[in-house]
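So this block is target.txt, compact mmCIF, C-alpha atoms and all ligand atoms:
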```txt
# COMPACT_ATOMS: atom_id res chain seq x y z
CA MET A 1 126.43 133.72 117.70
CA ASN A 2 128.33 130.95 119.40
CA ALA A 3 132.02 130.79 118.45
CA VAL A 4 131.85 127.06 117.57
CA LEU A 5 129.91 127.99 114.44
CA ALA A 6 133.00 129.46 112.79
CA PRO A 7 133.08 128.30 109.13
CA HIS A 8 135.43 125.49 108.10
CA GLY A 9 134.88 125.06 104.34
CA THR A 10 132.01 126.70 102.52
CA ASN A 11 129.27 125.27 100.44
CA PRO A 12 129.10 126.79 96.93
CA ALA A 13 125.31 126.37 96.90
CA PHE A 14 125.10 129.31 99.29
CA GLU A 15 127.41 131.77 97.61
CA ALA A 16 124.93 133.33 95.17
CA PRO A 17 122.35 135.66 96.73
CA ALA A 18 118.68 134.64 96.60
CA ARG A 19 116.85 135.69 93.41
CA GLU A 20 113.14 135.64 92.83
CA ASP A 21 113.27 132.20 91.19
CA THR A 22 115.22 130.59 94.01
CA VAL A 23 113.48 128.67 96.78
CA ALA A 24 114.14 129.79 100.36
CA VAL A 25 114.08 127.02 102.94
CA VAL A 26 114.15 126.87 106.72
CA LEU A 27 115.17 123.43 107.97
CA PHE A 28 113.87 122.05 111.28
CA GLY A 29 115.83 118.94 112.25
CA THR A 30 119.46 118.28 111.39
CA GLY A 31 119.46 114.61 112.39
CA VAL A 32 119.88 111.62 110.09
CA VAL A 33 117.34 112.78 107.47
CA GLY A 34 118.03 116.53 107.81
CA GLY A 35 121.76 115.82 107.49
CA ALA A 36 121.22 113.82 104.28
CA TRP A 37 119.05 116.64 102.92
CA LEU A 38 121.81 119.17 103.65
CA ARG A 39 124.20 117.03 101.57
CA LEU A 40 121.79 117.25 98.61
CA LEU A 41 122.25 121.03 98.63
CA ASN A 42 125.75 120.43 97.29
CA THR A 43 124.40 118.65 94.20
CA PRO A 44 123.15 120.33 91.00
CA ALA A 45 119.55 119.46 91.99
CA GLY A 46 119.91 121.66 95.07
CA ALA A 47 121.42 124.63 93.26
CA ARG A 48 118.23 126.74 93.29
CA LEU A 49 117.59 126.27 96.98
CA ARG A 50 118.74 128.84 99.53
CA LEU A 51 118.94 127.74 103.14
CA VAL A 52 118.00 130.76 105.25
CA GLY A 53 117.72 129.05 108.62
CA ALA A 54 118.41 125.72 110.30
CA ALA A 55 117.63 124.31 113.73
CA ASN A 56 117.83 121.26 115.91
CA SER A 57 115.85 121.03 119.14
CA ARG A 58 118.44 123.07 121.08
CA TRP A 59 120.13 125.51 118.70
CA GLN A 60 119.52 127.37 115.48
CA THR A 61 121.20 129.76 113.08
CA THR A 62 120.15 132.22 110.41
CA ASP A 63 123.69 133.51 109.85
CA PRO A 64 124.59 133.05 106.13
CA ASN A 65 128.21 132.18 106.97
CA CYS A 66 127.17 129.50 109.42
CA LEU A 67 124.54 128.13 107.02
CA ALA A 68 127.14 127.96 104.27
CA ASP A 69 129.49 125.91 106.41
CA ARG A 70 129.66 122.26 105.35
CA GLY A 71 129.97 121.40 109.03
CA LEU A 72 126.62 123.07 109.83
CA ARG A 73 125.02 119.93 111.26
CA GLU A 74 127.93 119.12 113.58
CA ASN A 75 128.35 122.77 114.53
CA LEU A 76 124.68 123.07 115.52
CA ASP A 77 125.13 120.04 117.75
CA ARG A 78 127.65 122.06 119.72
CA GLY A 79 125.89 125.40 119.83
CA GLY A 80 124.31 128.34 118.03
CA ASP A 81 121.56 130.85 118.69
CA ARG A 82 118.88 129.96 121.21
CA ARG A 83 115.82 128.30 119.66
CA ASP A 84 113.23 130.81 118.48
CA ASP A 85 110.84 129.79 115.71
CA ALA A 86 109.85 133.43 115.08
CA ALA A 87 113.45 134.33 114.17
CA LEU A 88 113.59 131.44 111.67
CA LEU A 89 110.34 132.53 110.02
CA ALA A 90 111.58 136.13 109.94
CA ALA A 91 114.59 134.93 107.91
CA LEU A 92 112.18 133.33 105.43
CA ASP A 93 110.12 136.51 105.24
CA ALA A 94 113.26 138.57 104.61
CA SER A 95 114.32 136.41 101.66
CA ALA A 96 113.80 137.75 98.13
CA ALA A 97 112.84 134.24 96.99
CA LYS A 98 109.26 133.92 95.76
CA THR A 99 108.83 130.37 97.07
CA LYS A 100 109.26 130.00 100.82
CA VAL A 101 109.35 126.55 102.37
CA ILE A 102 109.41 125.24 105.91
CA LEU A 103 111.03 121.81 105.96
CA ASP A 104 110.26 119.61 108.97
CA ALA A 105 112.74 116.74 109.29
CA THR A 106 111.91 116.02 112.93
CA ALA A 107 109.51 113.71 114.72
CA SER A 108 108.32 116.58 116.92
CA ASP A 109 104.61 116.65 117.83
CA GLY A 110 104.97 120.33 118.72
CA LEU A 111 106.21 121.30 115.27
CA ALA A 112 103.63 119.05 113.58
CA ALA A 113 100.93 120.93 115.48
CA THR A 114 102.01 124.16 113.74
CA HIS A 115 102.06 122.79 110.15
CA ALA A 116 98.50 123.95 109.47
CA VAL A 117 99.24 127.37 111.00
CA TRP A 118 102.30 127.78 108.76
CA LEU A 119 100.24 126.88 105.68
CA ALA A 120 97.58 129.39 106.69
CA GLN A 121 100.32 132.01 107.12
CA GLY A 122 101.33 131.44 103.50
CA TYR A 123 104.39 129.15 103.75
CA HIS A 124 104.72 125.88 101.90
CA VAL A 125 105.41 122.98 104.27
CA VAL A 126 107.40 119.90 103.31
CA THR A 127 107.81 117.15 105.88
CA ALA A 128 109.01 113.68 106.82
CA ASN A 129 107.19 114.06 110.15
CA LYS A 130 104.06 111.87 110.22
CA ALA A 131 102.58 113.38 113.37
CA ALA A 132 100.31 115.92 111.64
CA ALA A 133 98.95 114.03 108.61
CA GLY A 134 98.83 110.83 110.66
CA GLY A 135 97.18 112.45 113.68
CA ALA A 136 93.63 113.47 114.45
CA LEU A 137 91.26 113.95 111.53
CA GLU A 138 90.63 117.59 112.48
CA VAL A 139 94.39 118.25 112.03
CA TRP A 140 94.31 116.61 108.60
CA ARG A 141 91.36 118.81 107.66
CA ALA A 142 93.16 121.91 108.98
CA LEU A 143 96.17 121.05 106.78
CA SER A 144 93.92 120.74 103.80
CA GLU A 145 92.08 123.97 104.59
CA GLY A 146 95.29 125.88 105.37
CA ALA A 147 96.82 124.80 102.07
CA ARG A 148 93.67 125.57 100.08
CA CYS A 149 92.95 129.01 101.50
CA ARG A 150 96.47 130.30 100.77
CA ASN A 151 97.08 128.16 97.66
CA ARG A 152 100.05 126.49 99.35
CA ARG A 153 101.27 122.91 99.19
CA TYR A 154 101.80 120.33 101.90
CA GLY A 155 104.59 118.04 100.72
CA ASP A 156 104.18 114.80 102.66
CA ALA A 157 105.64 112.27 100.19
CA ALA A 158 108.40 111.31 102.66
CA THR A 159 105.98 110.38 105.46
CA VAL A 160 105.19 106.94 104.02
CA GLY A 161 107.63 104.53 102.36
CA ALA A 162 110.58 106.97 102.74
CA GLY A 163 111.51 107.69 99.11
CA LEU A 164 109.04 105.27 97.48
CA PRO A 165 106.42 107.09 95.34
CA VAL A 166 103.40 105.75 97.21
CA ILE A 167 101.43 108.82 98.28
CA THR A 168 102.08 110.59 95.00
CA THR A 169 100.96 107.55 93.00
CA LEU A 170 97.82 107.15 95.08
CA ARG A 171 96.87 110.81 94.62
CA ARG A 172 97.59 110.72 90.93
CA LEU A 173 95.39 107.65 90.44
CA ARG A 174 92.64 109.35 92.44
CA ALA A 175 92.92 112.54 90.40
CA CYS A 176 92.36 110.38 87.29
CA GLY A 177 89.20 108.93 88.80
CA ASP A 178 90.76 105.58 89.69
CA GLU A 179 89.22 104.33 92.93
CA LEU A 180 91.17 102.41 95.57
CA LEU A 181 89.51 99.04 96.17
CA ASN A 182 92.12 97.42 98.36
CA LEU A 183 95.47 98.38 99.85
CA GLU A 184 97.74 95.87 101.47
CA GLY A 185 101.39 95.71 102.35
CA VAL A 186 104.32 95.82 104.69
CA PHE A 187 104.91 99.45 105.72
CA SER A 188 107.70 99.07 108.28
CA GLY A 189 111.36 98.42 107.43
CA SER A 190 112.17 96.98 110.84
CA LEU A 191 109.13 94.65 110.97
CA SER A 192 109.85 93.63 107.38
CA TRP A 193 113.42 92.66 108.35
CA LEU A 194 112.34 90.87 111.53
CA PHE A 195 109.66 88.69 109.95
CA SER A 196 111.58 87.92 106.76
CA ARG A 197 114.39 86.63 109.03
CA TYR A 198 112.30 84.87 111.65
CA ASP A 199 112.42 81.11 111.14
CA GLY A 200 111.20 79.93 114.54
CA ILE A 201 114.66 78.60 115.37
CA VAL A 202 116.58 81.74 116.32
CA PRO A 203 114.48 83.33 119.10
CA PHE A 204 112.58 86.45 118.04
CA SER A 205 114.14 88.40 120.92
CA GLU A 206 117.61 87.68 119.54
CA LEU A 207 116.61 89.03 116.12
CA LEU A 208 115.13 92.07 117.82
CA ARG A 209 118.42 92.88 119.53
CA ASP A 210 120.23 92.36 116.22
CA ALA A 211 117.81 94.73 114.43
CA ARG A 212 118.36 97.34 117.11
CA GLU A 213 122.13 97.09 116.88
CA ARG A 214 121.99 97.48 113.10
CA GLY A 215 119.87 100.63 113.50
CA TYR A 216 116.86 99.05 111.74
CA SER A 217 114.52 99.44 114.69
CA GLU A 218 113.73 102.54 116.72
CA PRO A 219 115.95 102.91 119.83
CA ASP A 220 112.88 101.69 121.74
CA PRO A 221 111.71 98.73 119.58
CA ARG A 222 108.25 98.96 121.11
CA ALA A 223 107.64 101.94 118.80
CA ASP A 224 107.77 99.43 115.91
CA LEU A 225 106.29 96.39 117.65
CA SER A 226 103.26 98.32 118.90
CA GLY A 227 102.09 98.75 115.29
CA GLN A 228 101.43 102.47 115.90
CA ASP A 229 103.92 103.65 113.28
CA VAL A 230 102.40 101.33 110.65
CA ALA A 231 98.91 102.47 111.67
CA ARG A 232 99.91 106.13 111.15
CA LYS A 233 101.18 105.35 107.68
CA LEU A 234 97.99 103.46 106.83
CA LEU A 235 95.99 106.43 108.10
CA ILE A 236 97.87 108.83 105.83
CA LEU A 237 97.40 106.55 102.81
CA ALA A 238 93.72 105.96 103.59
CA ARG A 239 93.13 109.72 103.85
CA SER A 240 95.06 110.32 100.63
CA ALA A 241 92.72 107.83 98.98
CA GLY A 242 89.67 109.71 100.26
CA PHE A 243 88.82 107.77 103.44
CA GLU A 244 88.49 110.25 106.30
CA LEU A 245 89.47 107.90 109.12
CA GLU A 246 90.32 108.73 112.72
CA PRO A 247 93.28 107.00 114.40
CA GLY A 248 90.81 104.99 116.50
CA ASP A 249 89.20 103.57 113.34
CA ILE A 250 92.27 101.42 112.70
CA GLU A 251 92.40 98.06 114.42
CA VAL A 252 95.98 97.65 115.63
CA GLU A 253 97.62 94.44 116.85
CA ASN A 254 100.27 95.32 119.42
CA LEU A 255 102.97 92.65 119.54
CA VAL A 256 104.20 93.86 122.94
CA PRO A 257 102.50 92.00 125.81
CA GLU A 258 100.68 94.31 128.21
CA THR A 259 103.09 93.44 131.02
CA LEU A 260 106.01 94.91 129.04
CA ARG A 261 104.38 98.05 127.66
CA GLY A 262 104.96 100.45 130.55
CA LEU A 263 108.47 99.35 131.50
CA PRO A 264 111.54 101.61 131.24
CA LEU A 265 113.47 100.78 128.07
CA GLN A 266 116.30 99.00 129.86
CA ASP A 267 113.88 96.73 131.75
CA PHE A 268 112.00 95.98 128.54
CA MET A 269 115.22 95.03 126.74
CA ALA A 270 116.09 92.69 129.61
CA ARG A 271 112.75 90.92 129.26
CA THR A 272 112.34 90.66 125.46
CA HIS A 273 112.54 86.85 125.79
CA GLU A 274 108.95 87.12 127.03
CA LEU A 275 107.94 87.81 123.41
CA ASP A 276 109.38 84.52 122.19
CA ALA A 277 106.86 81.82 123.12
CA ALA A 278 103.79 83.49 121.60
CA LEU A 279 105.59 84.34 118.37
CA ALA A 280 107.11 80.85 118.11
CA ALA A 281 103.59 79.40 118.37
CA ARG A 282 102.31 81.76 115.66
CA HIS A 283 105.26 80.82 113.45
CA ALA A 284 104.73 77.07 113.96
CA ASP A 285 101.04 77.38 113.16
CA ALA A 286 101.77 79.36 109.98
CA ALA A 287 104.53 76.99 108.87
CA SER A 288 102.27 73.94 109.36
CA ARG A 289 99.97 75.48 106.74
CA GLY A 290 102.82 76.41 104.37
CA ARG A 291 102.53 80.09 105.31
CA ARG A 292 104.83 82.89 106.49
CA LEU A 293 104.31 85.58 109.09
CA ARG A 294 104.15 89.17 107.91
CA TYR A 295 103.14 92.33 109.79
CA LEU A 296 100.56 93.65 107.33
CA ALA A 297 98.56 96.81 106.89
CA HIS A 298 95.23 96.43 105.13
CA LEU A 299 92.49 98.77 103.96
CA ASP A 300 89.40 97.66 102.04
CA ARG A 301 87.01 99.60 99.80
CA ASP A 302 84.65 100.24 102.72
CA GLY A 303 87.41 101.94 104.68
CA VAL A 304 87.90 99.04 107.10
CA ALA A 305 91.52 99.31 108.23
CA ARG A 306 93.67 96.91 110.22
CA VAL A 307 97.34 96.37 110.99
CA GLY A 308 98.67 93.18 112.50
CA LEU A 309 100.48 89.91 112.12
CA ARG A 310 99.12 87.61 109.44
CA ALA A 311 100.11 84.24 108.02
CA VAL A 312 100.42 84.74 104.25
CA SER A 313 100.60 82.07 101.56
CA GLU A 314 103.65 81.74 99.31
CA ASP A 315 101.91 83.51 96.42
CA HIS A 316 101.12 86.60 98.52
CA PRO A 317 103.01 89.70 97.23
CA THR A 318 104.77 90.16 100.58
CA SER A 319 105.85 86.52 100.95
CA GLY A 320 109.18 87.04 99.17
CA LEU A 321 110.12 90.32 100.89
CA ARG A 322 113.76 90.56 101.90
CA GLY A 323 115.79 92.94 104.04
CA THR A 324 114.04 96.11 105.16
CA ASP A 325 111.95 96.43 102.00
CA ASN A 326 108.43 97.86 102.14
CA LEU A 327 105.69 96.77 99.78
CA PHE A 328 102.45 98.52 98.85
CA ALA A 329 99.93 96.59 96.73
CA LEU A 330 97.20 98.85 95.35
CA THR A 331 94.11 97.30 93.79
CA THR A 332 92.02 99.93 92.03
CA THR A 333 89.23 100.01 89.48
CA ARG A 334 91.88 100.13 86.75
CA TYR A 335 94.44 97.85 88.42
CA GLN A 336 91.95 95.16 89.30
CA THR A 337 93.18 91.96 87.69
CA ARG A 338 96.55 92.31 89.39
CA PRO A 339 97.50 95.02 91.88
CA LEU A 340 99.89 97.87 91.20
CA VAL A 341 102.85 97.02 93.42
CA ILE A 342 105.40 99.52 94.74
CA GLN A 343 108.31 97.86 96.49
CA GLY A 344 111.75 98.89 97.69
CA PRO A 345 113.68 100.29 100.64
CA GLY A 346 111.13 101.83 102.98
CA ALA A 347 113.70 103.59 105.16
CA GLY A 348 117.04 105.28 104.72
CA ALA A 349 118.23 108.83 105.07
CA ASP A 350 119.29 109.42 101.46
CA VAL A 351 116.06 108.23 99.84
CA THR A 352 113.95 110.08 102.41
CA ALA A 353 115.94 113.28 101.86
CA GLN A 354 115.46 112.86 98.12
CA ALA A 355 111.68 112.63 98.58
CA LEU A 356 111.82 115.89 100.55
CA LEU A 357 113.87 117.54 97.82
CA GLY A 358 111.43 116.25 95.18
CA ASP A 359 108.51 117.83 97.01
CA ILE A 360 110.38 121.14 97.28
CA LEU A 361 111.40 121.17 93.63
CA SER A 362 107.84 120.44 92.56
CA LEU A 363 106.77 123.67 94.30
CA SER A 364 109.01 125.74 92.15
CA GLY A 365 107.90 124.19 88.88
CA ASP A 366 110.69 121.57 88.59
CA GLY A 367 109.16 118.09 88.46
CA LYS A 368 105.62 119.44 88.70
CA ALA A 369 104.18 116.01 88.01
CA VAL A 370 105.63 114.69 91.26
CA ILE A 371 103.19 116.29 93.67
CA SER A 372 99.50 116.86 93.29
CA GLU A 373 97.01 118.85 95.30
CA TYR A 374 96.94 117.97 98.97
CA VAL A 375 93.62 116.13 98.86
N1 LIG B 1 115.51 107.80 109.23
C1 LIG B 1 114.76 107.36 108.24
O1 LIG B 1 115.13 106.45 107.47
C2 LIG B 1 113.40 107.97 108.01
C3 LIG B 1 112.62 107.55 106.92
C4 LIG B 1 111.39 108.15 106.69
C5 LIG B 1 110.92 109.13 107.56
N2 LIG B 1 111.68 109.48 108.64
C6 LIG B 1 111.15 110.51 109.53
O2 LIG B 1 112.00 111.65 109.44
C7 LIG B 1 111.98 112.37 110.67
C8 LIG B 1 113.42 112.56 111.14
O3 LIG B 1 114.02 111.29 111.31
P1 LIG B 1 115.58 111.15 111.66
O4 LIG B 1 115.88 109.71 111.49
O5 LIG B 1 116.35 112.18 110.93
O6 LIG B 1 115.55 111.51 113.24
P2 LIG B 1 116.79 112.02 114.13
O7 LIG B 1 118.08 111.56 113.57
O8 LIG B 1 116.42 111.63 115.53
O9 LIG B 1 116.76 113.61 113.99
C9 LIG B 1 115.71 114.38 114.50
C10 LIG B 1 116.15 115.84 114.46
O10 LIG B 1 115.03 116.65 114.83
C11 LIG B 1 115.51 117.64 115.75
N3 LIG B 1 114.39 118.19 116.49
C12 LIG B 1 113.55 117.58 117.37
N4 LIG B 1 112.64 118.45 117.83
C13 LIG B 1 112.90 119.64 117.23
C14 LIG B 1 112.33 120.94 117.29
N5 LIG B 1 111.27 121.19 118.07
N6 LIG B 1 112.87 121.92 116.54
C15 LIG B 1 113.93 121.70 115.74
N7 LIG B 1 114.53 120.49 115.63
C16 LIG B 1 114.02 119.47 116.38
C17 LIG B 1 116.51 116.88 116.58
O11 LIG B 1 117.33 117.77 117.31
P3 LIG B 1 118.29 117.26 118.50
O12 LIG B 1 119.50 116.69 117.83
O13 LIG B 1 118.57 118.50 119.25
O14 LIG B 1 117.53 116.24 119.28
C18 LIG B 1 117.27 116.18 115.44
O15 LIG B 1 118.17 117.07 114.81
C19 LIG B 1 111.12 111.54 111.63
O16 LIG B 1 109.81 112.04 111.63
C20 LIG B 1 111.14 110.15 111.01
O17 LIG B 1 110.00 109.37 111.33
C21 LIG B 1 112.89 108.94 108.89
```
Mind turning the file's structure into structure tokens?
Ligand SMILES: NC(=O)c1ccc[n+]([C@@H]2O[C@H](COP(=O)([O-])OP(=O)(O)OC[C@H]3O[C@@H](n4cnc5c(N)ncnc54)[C@H](OP(=O)(O)O)[C@@H]3O)[C@@H](O)[C@H]2O)c1
Amino acid sequence: MNAVLAPHGTNPAFEAPAREDTVAVVLFGTGVVGGAWLRLLNTPAGARLRLVGAANSRWQTTDPNCLADRGLRENLDRGGDRRDDAALLAALDASAAKTKVILDATASDGLAATHAVWLAQGYHVVTANKAAAGGALEVWRALSEGARCRNRRYGDAATVGAGLPVITTLRRLRACGDELLNLEGVFSGSLSWLFSRYDGIVPFSELLRDARERGYSEPDPRADLSGQDVARKLLILARSAGFELEPGDIEVENLVPETLRGLPLQDFMARTHELDAALAARHADAASRGRRLRYLAHLDRDGVARVGLRAVSEDHPTSGLRGTDNLFALTTTRYQTRPLVIQGPGAGADVTAQALLGDILSLSGDGKAVISEYV
């Protein structure tokens, strides 16, 4: 064990040994979301959880003293044991806790590819990582099958809308026989902020730089502007509603001109003004018709799915969106006259960490109503 992991203030949530009714957790990812989740362990809601392993992409620890250290996240940034997934899973296996959870708070494709394997091995998996549920349909089916064959749960509430109860609501409606007829909304905090601010006067590229500096956009804003992140979220929601779509089934409008897509980040940032003219024209056209631009996701009852920029009228649910809010408008057989609308912050470490905790607690019987069967 690396010396930098020496404890400097312990966390009382780790002092009691694991009992059968505690929940043992291995945490992958100690970044913004993982760090916020670690802080929740110090609250009464986290009292029944026992962290038995934690890792970032470079280092890990299963040492109880290191795990109990309130500086765990910072310490792991400086060093620890070499990464070895098998050693982390062995710590879970060794725990006396009946409920064993793998928590993925990364954006790693490699880890996402093992979610279904972990379920099939008998672990519960709780995740903020969209790459598995929002990937190929065969992976989605493998998650479902892995969970079903071992009677395990896949907690994916945090993959869409951060802490907003969107997936759970959709599944609950479906379990009650309520059919989704239409789903529409703004699923990206950064695109929500950009288009609620954009007035055609301040250049779009200037807003984009502002959003990046405030930490609203991804470090490479093309990850947001490409529409791929929104499309993944729509895919997860569509599948949760019973539409078995492939990623290619979603029509995606990429706001990044082809000439800028393959550039190194620095070169792209130097040429963002090339986005301005086309978006100014779209804005002027919308404004001339009394409309506003919004980057919308849409799914209809036939499973036709599209994400892209639309000019919405003033009475559209997303017209009044402010800040980084997300909005999900669900029209169903029983919410047909007016849609069921879920709106609020669609990003943020604390609310995302809370959604992860909610999924974990639901596994152990606390807050059972929060999570339903995977499909
Ligand atoms: N931030 C939000 O508001 C928010 C909201 C909803 C959902 N999410 C989702 O939550 C996930 C985490 O987001 P974040 O903002 O916390 O990202 P972040 O700050 O970049 O943290 C990512 C963490 O994952 C670690 N990691 C990467 N690959 C790993 C691997 N193979 N094994 C173990 N650890 C690995 C990184 O380690 P290193 O430090 O070594 O790189 C880092 O600790 C993402 O999927 C994101 O889309 C985020």
Nearest to ligand LIG 1 (chain B), chosen from A:Leu164, A:Leu41, A:Met269, A:Ala128, with only C-alpha atoms and all ligand atoms counted in the distances: A:Ala128
Please indicate the distance in Å from atom C20 of ligand LIG 1 (chain B) to atom CA of A:Ala347, rounded to one decimal place.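 Going from atom C20 of ligand LIG 1 (chain B) over to atom CA of A:Ala347 covers 9.2 Å.
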If the limit is 9 Å from any atom of ligand LIG 1 (chain B), counting all atoms listed in the file, which residues qualify? Return them as a count of residues only. 52
Which is closest to A:Ala231 among A:Gln354, A:Asn151, A:Asn326, A:Ser188, if we use all atoms listed in the file? A:Ser188
Could you check how far atom CA of A:Leu170 sits from atom CA of A:Arg232, in Å to one decimal?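 For atom CA of A:Leu170 relative to atom CA of A:Arg232, the distance reads 16.2 Å.
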Residues near stretch 194-203 of chain A, cut-off 12 Å, only C-alpha atoms, skip fewer than 4 positions along chain, as a PDB file with C-alpha atoms, in the coordinates of the input:
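Dumped everything to part-v1.pdb:
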```pdb
ATOM      1  CA  VAL A 186     104.320  95.820 104.690  1.00  0.00           C
ATOM      2  CA  SER A 188     107.700  99.070 108.280  1.00  0.00           C
ATOM      3  CA  GLY A 189     111.360  98.420 107.430  1.00  0.00           C
ATOM      4  CA  SER A 190     112.170  96.980 110.840  1.00  0.00           C
ATOM      5  CA  LEU A 207     116.610  89.030 116.120  1.00  0.00           C
ATOM      6  CA  LEU A 208     115.130  92.070 117.820  1.00  0.00           C
ATOM      7  CA  ARG A 209     118.420  92.880 119.530  1.00  0.00           C
ATOM      8  CA  ASP A 210     120.230  92.360 116.220  1.00  0.00           C
ATOM      9  CA  ALA A 211     117.810  94.730 114.430  1.00  0.00           C
ATOM     10  CA  ARG A 212     118.360  97.340 117.110  1.00  0.00           C
ATOM     11  CA  ARG A 214     121.990  97.480 113.100  1.00  0.00           C
ATOM     12  CA  TYR A 216     116.860  99.050 111.740  1.00  0.00           C
ATOM     13  CA  SER A 217     114.520  99.440 114.690  1.00  0.00           C
ATOM     14  CA  PRO A 221     111.710  98.730 119.580  1.00  0.00           C
ATOM     15  CA  ASP A 224     107.770  99.430 115.910  1.00  0.00           C
ATOM     16  CA  LEU A 225     106.290  96.390 117.650  1.00  0.00           C
ATOM     17  CA  THR A 272     112.340  90.660 125.460  1.00  0.00           C
ATOM     18  CA  HIS A 273     112.540  86.850 125.790  1.00  0.00           C
ATOM     19  CA  GLU A 274     108.950  87.120 127.030  1.00  0.00           C
ATOM     20  CA  LEU A 275     107.940  87.810 123.410  1.00  0.00           C
ATOM     21  CA  ASP A 276     109.380  84.520 122.190  1.00  0.00           C
ATOM     22  CA  ALA A 277     106.860  81.820 123.120  1.00  0.00           C
ATOM     23  CA  ALA A 278     103.790  83.490 121.600  1.00  0.00           C
ATOM     24  CA  LEU A 279     105.590  84.340 118.370  1.00  0.00           C
ATOM     25  CA  ALA A 280     107.110  80.850 118.110  1.00  0.00           C
ATOM     26  CA  ALA A 281     103.590  79.400 118.370  1.00  0.00           C
ATOM     27  CA  ARG A 282     102.310  81.760 115.660  1.00  0.00           C
ATOM     28  CA  HIS A 283     105.260  80.820 113.450  1.00  0.00           C
ATOM     29  CA  ALA A 284     104.730  77.070 113.960  1.00  0.00           C
ATOM     30  CA  ASP A 285     101.040  77.380 113.160  1.00  0.00           C
ATOM     31  CA  ALA A 286     101.770  79.360 109.980  1.00  0.00           C
ATOM     32  CA  ALA A 287     104.530  76.990 108.870  1.00  0.00           C
ATOM     33  CA  SER A 288     102.270  73.940 109.360  1.00  0.00           C
ATOM     34  CA  ARG A 291     102.530  80.090 105.310  1.00  0.00           C
ATOM     35  CA  ARG A 292     104.830  82.890 106.490  1.00  0.00           C
ATOM     36  CA  LEU A 293     104.310  85.580 109.090  1.00  0.00           C
ATOM     37  CA  ARG A 294     104.150  89.170 107.910  1.00  0.00           C
ATOM     38  CA  TYR A 295     103.140  92.330 109.790  1.00  0.00           C
ATOM     39  CA  LEU A 296     100.560  93.650 107.330  1.00  0.00           C
ATOM     40  CA  LEU A 309     100.480  89.910 112.120  1.00  0.00           C
ATOM     41  CA  ARG A 310      99.120  87.610 109.440  1.00  0.00           C
ATOM     42  CA  ALA A 311     100.110  84.240 108.020  1.00  0.00           C
ATOM     43  CA  VAL A 312     100.420  84.740 104.250  1.00  0.00           C
ATOM     44  CA  THR A 318     104.770  90.160 100.580  1.00  0.00           C
ATOM     45  CA  SER A 319     105.850  86.520 100.950  1.00  0.00           C
ATOM     46  CA  GLY A 320     109.180  87.040  99.170  1.00  0.00           C
ATOM     47  CA  LEU A 321     110.120  90.320 100.890  1.00  0.00           C
ATOM     48  CA  ARG A 322     113.760  90.560 101.900  1.00  0.00           C
ATOM     49  CA  GLY A 323     115.790  92.940 104.040  1.00  0.00           C
ATOM     50  CA  THR A 324     114.040  96.110 105.160  1.00  0.00           C
ATOM     51  CA  ASP A 325     111.950  96.430 102.000  1.00  0.00           C
ATOM     52  CA  ASN A 326     108.430  97.860 102.140  1.00  0.00           C
TER      53      ASN A 326
END
```
Top pick for closest residue to A:Gly177, considering A:Leu255, A:Val126, A:Phe328, A:Arg334 and counting all atoms listed in the file: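 Of A:Leu255, A:Val126, A:Phe328, A:Arg334, the one nearest A:Gly177, counting all atoms listed in the file, is A:Arg334.
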When you count all atoms listed in the file, which of these residues is closest to A:Arg50: A:Ala97, A:Asp63, A:Glu74, A:Pro219?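 Counting all atoms listed in the file, the residue closest to A:Arg50 is A:Ala97.
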Once 8 Å is added on each side, what are the centre and the three edge lengths, in Å to one decimal, of the axis-aligned box enclosing the listed atoms of stretch 98-109 of chain A? Present them as JSON.
```
{"center_x": 108.7, "center_y": 123.8, "center_z": 106.8, "size_x": 24.1, "size_y": 36.2, "size_z": 38.1}
```
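Taking atom CA of A:Glu184 and atom CA of A:Val256 as endpoints, the distance between them is 22.5 Å.
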Within-7 Å shell of (109.2, 93.7, 95.8) in input frame, all atoms listed in the file, as a PyMOL selection string: chain A and resi 321+327+343-344
Nearest residue to A:Ala132 from the set A:Cys149, A:Thr43, A:Tyr154, A:Ala86 (distances using only C-alpha atoms):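 Once distances to A:Ala132 are computed over only C-alpha atoms, the minimum belongs to A:Tyr154.
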List every residue of stretch 175-213 of chain A that has an atom at most 9 Å from any atom of stretch 237-245 of chain A, and for each one report the closest atom pair and its distance in Å to one decimal, counting only C-alpha atoms, with rows sorted by chain and then by increasing residue number, as CSV.
```
residue,atom,partner,partner_atom,distance
A:Glu179,CA,A:Ala241,CA,7.8
A:Leu180,CA,A:Ala241,CA,6.6
A:Leu183,CA,A:Ala238,CA,8.6
```
